[in-house]
Amino acid sequence: MPNRTDLRVLLAAYETPGIAAAQRLFAEGVTPDRIRLLTHPLDERNEPLIAFAWAHHIETTYHPAKSAEALAWARAFAPDVIFALHYMEKIPQRLLTLAPLGGVNMHPAPLPFYRGCFSTPWAIFNGETETGFTYHYMTDEFDAGDVVLQRRLPIAPHDTHFTLFHKLMLAGCNAFPEVLRLVVDERFPGIPQEGEGSYYPKRLPNNGVIDPSWDDAIIERFIRALDFPPASAVVLIDGKPTPVRSMAEYHRLRRP
């Protein structure tokens, strides 16, 4: 297997976690010409990553991971390993098999609990006091592969979807060199996930609309769970959806 300077990395990423992962690869001796970026088209949140890749001459594609174009592009690169950080599409098996060392994803939850792409807000809404992140090998089934590394983090009483997600991303990216060592240097096969765990869909109850019949504790968690600017929970005032970002604002809006 290649050493760090010969390693060819396909990085599937979106937004700032992709920048953090690339910077850590640079620090580990992987040069920009041996990195390829699979990302999503330009938008306000992804602009920094795309600009970073352009500035460092990292070849980039915006084709969906499942597309024939992405497969041909990745096959021509012949990656040794694939890392996915906040990439928002399933990476198909036919792409994963191109990498002898496999594909590893960072999931913002302590798998097998909170599988699914809305794990962070559900953990807040459910009143959890801690969550975590998991690096796991990708398989044909979402969030089900063997665990490479897992860490837990507390959920603060004031955490919102926005703050908690970014805390998890930062902690996960800080652990990336250790994951690189386990996967590339030690060829660690991972540990099977234990138990059935849980899965949560990409939505919260009541389609993001506060139900006034809920008690205040539920409403407060609901507001924090949906607070990811520009998105927020809403309350119906005279039938009109009105954004809410705090309990104080909710009570003010509900005041006769």
# chains A, B, ... in the order shown; residues from 1 in each chain; ligands from 1
call {"tool": "select_by_dssp", "arguments": {"residues": "segment 142-215 of chain A", "states": "strand (DSSP E)", "output": "VMD selection string"}}
result
chain A and resid 147 to 154
call {"tool": "residues_around", "arguments": {"residues": "Met106 of chain A", "least_positions_apart": "6", "cutoff": "6 Å", "atoms": "only C-alpha atoms", "output": "list in words"}}
result
Leu85, Thr134 and Tyr135 of chain A
call {"tool": "write_last_selection", "arguments": {"atoms": "N, CA and C atoms", "output": "CSV table (one decimal), in the first residue's frame"}}
result
chain,number,residue,atom,x,y,z
A,85,LEU,N,-16.9,13.6,4.1
A,85,LEU,CA,-17.2,14.5,5.2
A,85,LEU,C,-18.3,15.5,4.8
A,134,THR,N,-19.0,9.5,14.4
A,134,THR,CA,-18.5,8.2,14.1
A,134,THR,C,-17.9,8.2,12.7
A,135,TYR,N,-16.7,7.7,12.6
A,135,TYR,CA,-16.1,7.4,11.3
A,135,TYR,C,-16.3,5.9,11.1
call {"tool": "closest_residue", "arguments": {"among": "A:Pro229, A:Pro201, A:Pro32, A:Pro92", "to": "Thr5 of chain A", "atoms": "only C-alpha atoms"}}
result
A:Pro32
call {"tool": "residues_around", "arguments": {"residues": "segment 7-23 of chain A", "least_positions_apart": "6", "cutoff": "6 Å", "atoms": "only C-alpha atoms", "output": "PyMOL selection string"}}
result
chain A and resi 34-39+45-46+49+79-87
call {"tool": "select_by_dssp", "arguments": {"residues": "segment 19-119 of chain A", "states": "alpha helix (DSSP H)", "output": "PyMOL selection string"}}
result
chain A and resi 19-27+47-55+68-77+93-96+119
call {"tool": "residues_around", "arguments": {"residues": "Asp159 of chain A", "least_positions_apart": "3", "cutoff": "9 Å", "atoms": "only C-alpha atoms", "output": "list of chain:residue names"}}
result
A:Ile124, A:Ile155, A:Ala156, A:Phe162, A:Thr163, A:Leu164, A:Arg224, A:Ala225
call {"tool": "closest_atom_pairs", "arguments": {"of": "segment 117-186 of chain A", "to": "segment 203-217 of chain A", "cutoff": "12 Å", "atoms": "only C-alpha atoms", "output": "tab-separated table"}}
result
residue	atom	partner	partner_atom	distance
A:Cys117	CA	A:Arg203	CA	9.5
A:Phe118	CA	A:Arg203	CA	7.1
A:Ser119	CA	A:Arg203	CA	10.0
A:Thr120	CA	A:Leu204	CA	11.2
A:Pro121	CA	A:Leu204	CA	8.0
A:Trp122	CA	A:Leu204	CA	7.2
A:Ala123	CA	A:Leu204	CA	10.9
A:Ile124	CA	A:Leu204	CA	10.9
A:Phe125	CA	A:Leu204	CA	8.4
A:Asn126	CA	A:Leu204	CA	10.4
A:Gly127	CA	A:Ala217	CA	9.2
A:Pro157	CA	A:Ala217	CA	11.4
call {"tool": "atom_distance", "arguments": {"atom1": "atom CA of Lys202 of chain A", "atom2": "atom CA of Val235 of chain A"}}
result
19.7 Å
call {"tool": "closest_residue", "arguments": {"among": "A:Ala76, A:Leu101, A:Ala27, A:Ala144", "to": "Phe113 of chain A", "atoms": "only C-alpha atoms"}}
result
A:Ala144
call {"tool": "closest_residue", "arguments": {"among": "A:Ala109, A:Ala99, A:Leu182, A:Ile91", "to": "Tyr200 of chain A", "atoms": "only C-alpha atoms"}}
result
A:Ala109
call {"tool": "residues_around", "arguments": {"residues": "Asp143 of chain A", "least_positions_apart": "6", "cutoff": "9 Å", "atoms": "only C-alpha atoms", "output": "count of residues only"}}
result
8
call {"tool": "residues_around", "arguments": {"residues": "Val244 of chain A", "least_positions_apart": "4", "cutoff": "7 Å", "atoms": "only C-alpha atoms", "output": "mmCIF file with N, CA and C atoms, in the first residue's frame"}}
result
data_model
loop_
_atom_site.group_PDB
_atom_site.id
_atom_site.type_symbol
_atom_site.label_atom_id
_atom_site.label_comp_id
_atom_site.auth_asym_id
_atom_site.auth_seq_id
_atom_site.Cartn_x
_atom_site.Cartn_y
_atom_site.Cartn_z
ATOM 1 N N ILE A 223 -37.555 24.310 19.058
ATOM 2 C CA ILE A 223 -36.997 25.545 18.497
ATOM 3 C C ILE A 223 -35.492 25.400 18.279
ATOM 4 N N SER A 232 -35.662 27.766 10.521
ATOM 5 C CA SER A 232 -36.064 27.858 11.922
ATOM 6 C C SER A 232 -37.423 27.193 12.086
ATOM 7 N N ALA A 233 -37.807 26.977 13.344
ATOM 8 C CA ALA A 233 -39.176 26.563 13.632
ATOM 9 C C ALA A 233 -40.110 27.730 13.320
ATOM 10 N N VAL A 234 -41.383 27.412 13.133
ATOM 11 C CA VAL A 234 -42.360 28.473 12.902
ATOM 12 C C VAL A 234 -43.557 28.258 13.814
ATOM 13 N N VAL A 235 -44.254 29.336 14.079
ATOM 14 C CA VAL A 235 -45.510 29.284 14.804
ATOM 15 C C VAL A 235 -46.556 29.969 13.927
ATOM 16 N N GLU A 249 -39.078 34.750 22.189
ATOM 17 C CA GLU A 249 -39.741 35.220 20.982
ATOM 18 C C GLU A 249 -41.076 34.503 20.793
ATOM 19 N N TYR A 250 -41.110 33.213 21.109
ATOM 20 C CA TYR A 250 -42.355 32.447 20.993
ATOM 21 C C TYR A 250 -43.427 33.023 21.905
#
call {"tool": "closest_residue", "arguments": {"among": "A:Pro48, A:Gly172, A:Gly102, A:Pro243", "to": "Phe228 of chain A", "atoms": "only C-alpha atoms"}}
result
A:Pro243
call {"tool": "closest_residue", "arguments": {"among": "A:Tyr199, A:Val104, A:His57, A:Thr160", "to": "Val184 of chain A", "atoms": "only C-alpha atoms"}}
result
A:Val104
call {"tool": "residues_around", "arguments": {"residues": "Gly132 of chain A", "least_positions_apart": "3", "cutoff": "6 Å", "atoms": "only C-alpha atoms", "output": "list in words"}}
result
Ala109, Pro110, Arg151, Arg152 and Leu153 of chain A
call {"tool": "closest_residue", "arguments": {"among": "A:His161, A:His166, A:Arg254, A:Glu141", "to": "Ala231 of chain A", "atoms": "only C-alpha atoms"}}
result
A:His161
call {"tool": "atom_distance", "arguments": {"atom1": "atom CA of Ala65 of chain A", "atom2": "atom CA of Leu42 of chain A"}}
result
15.8 Å
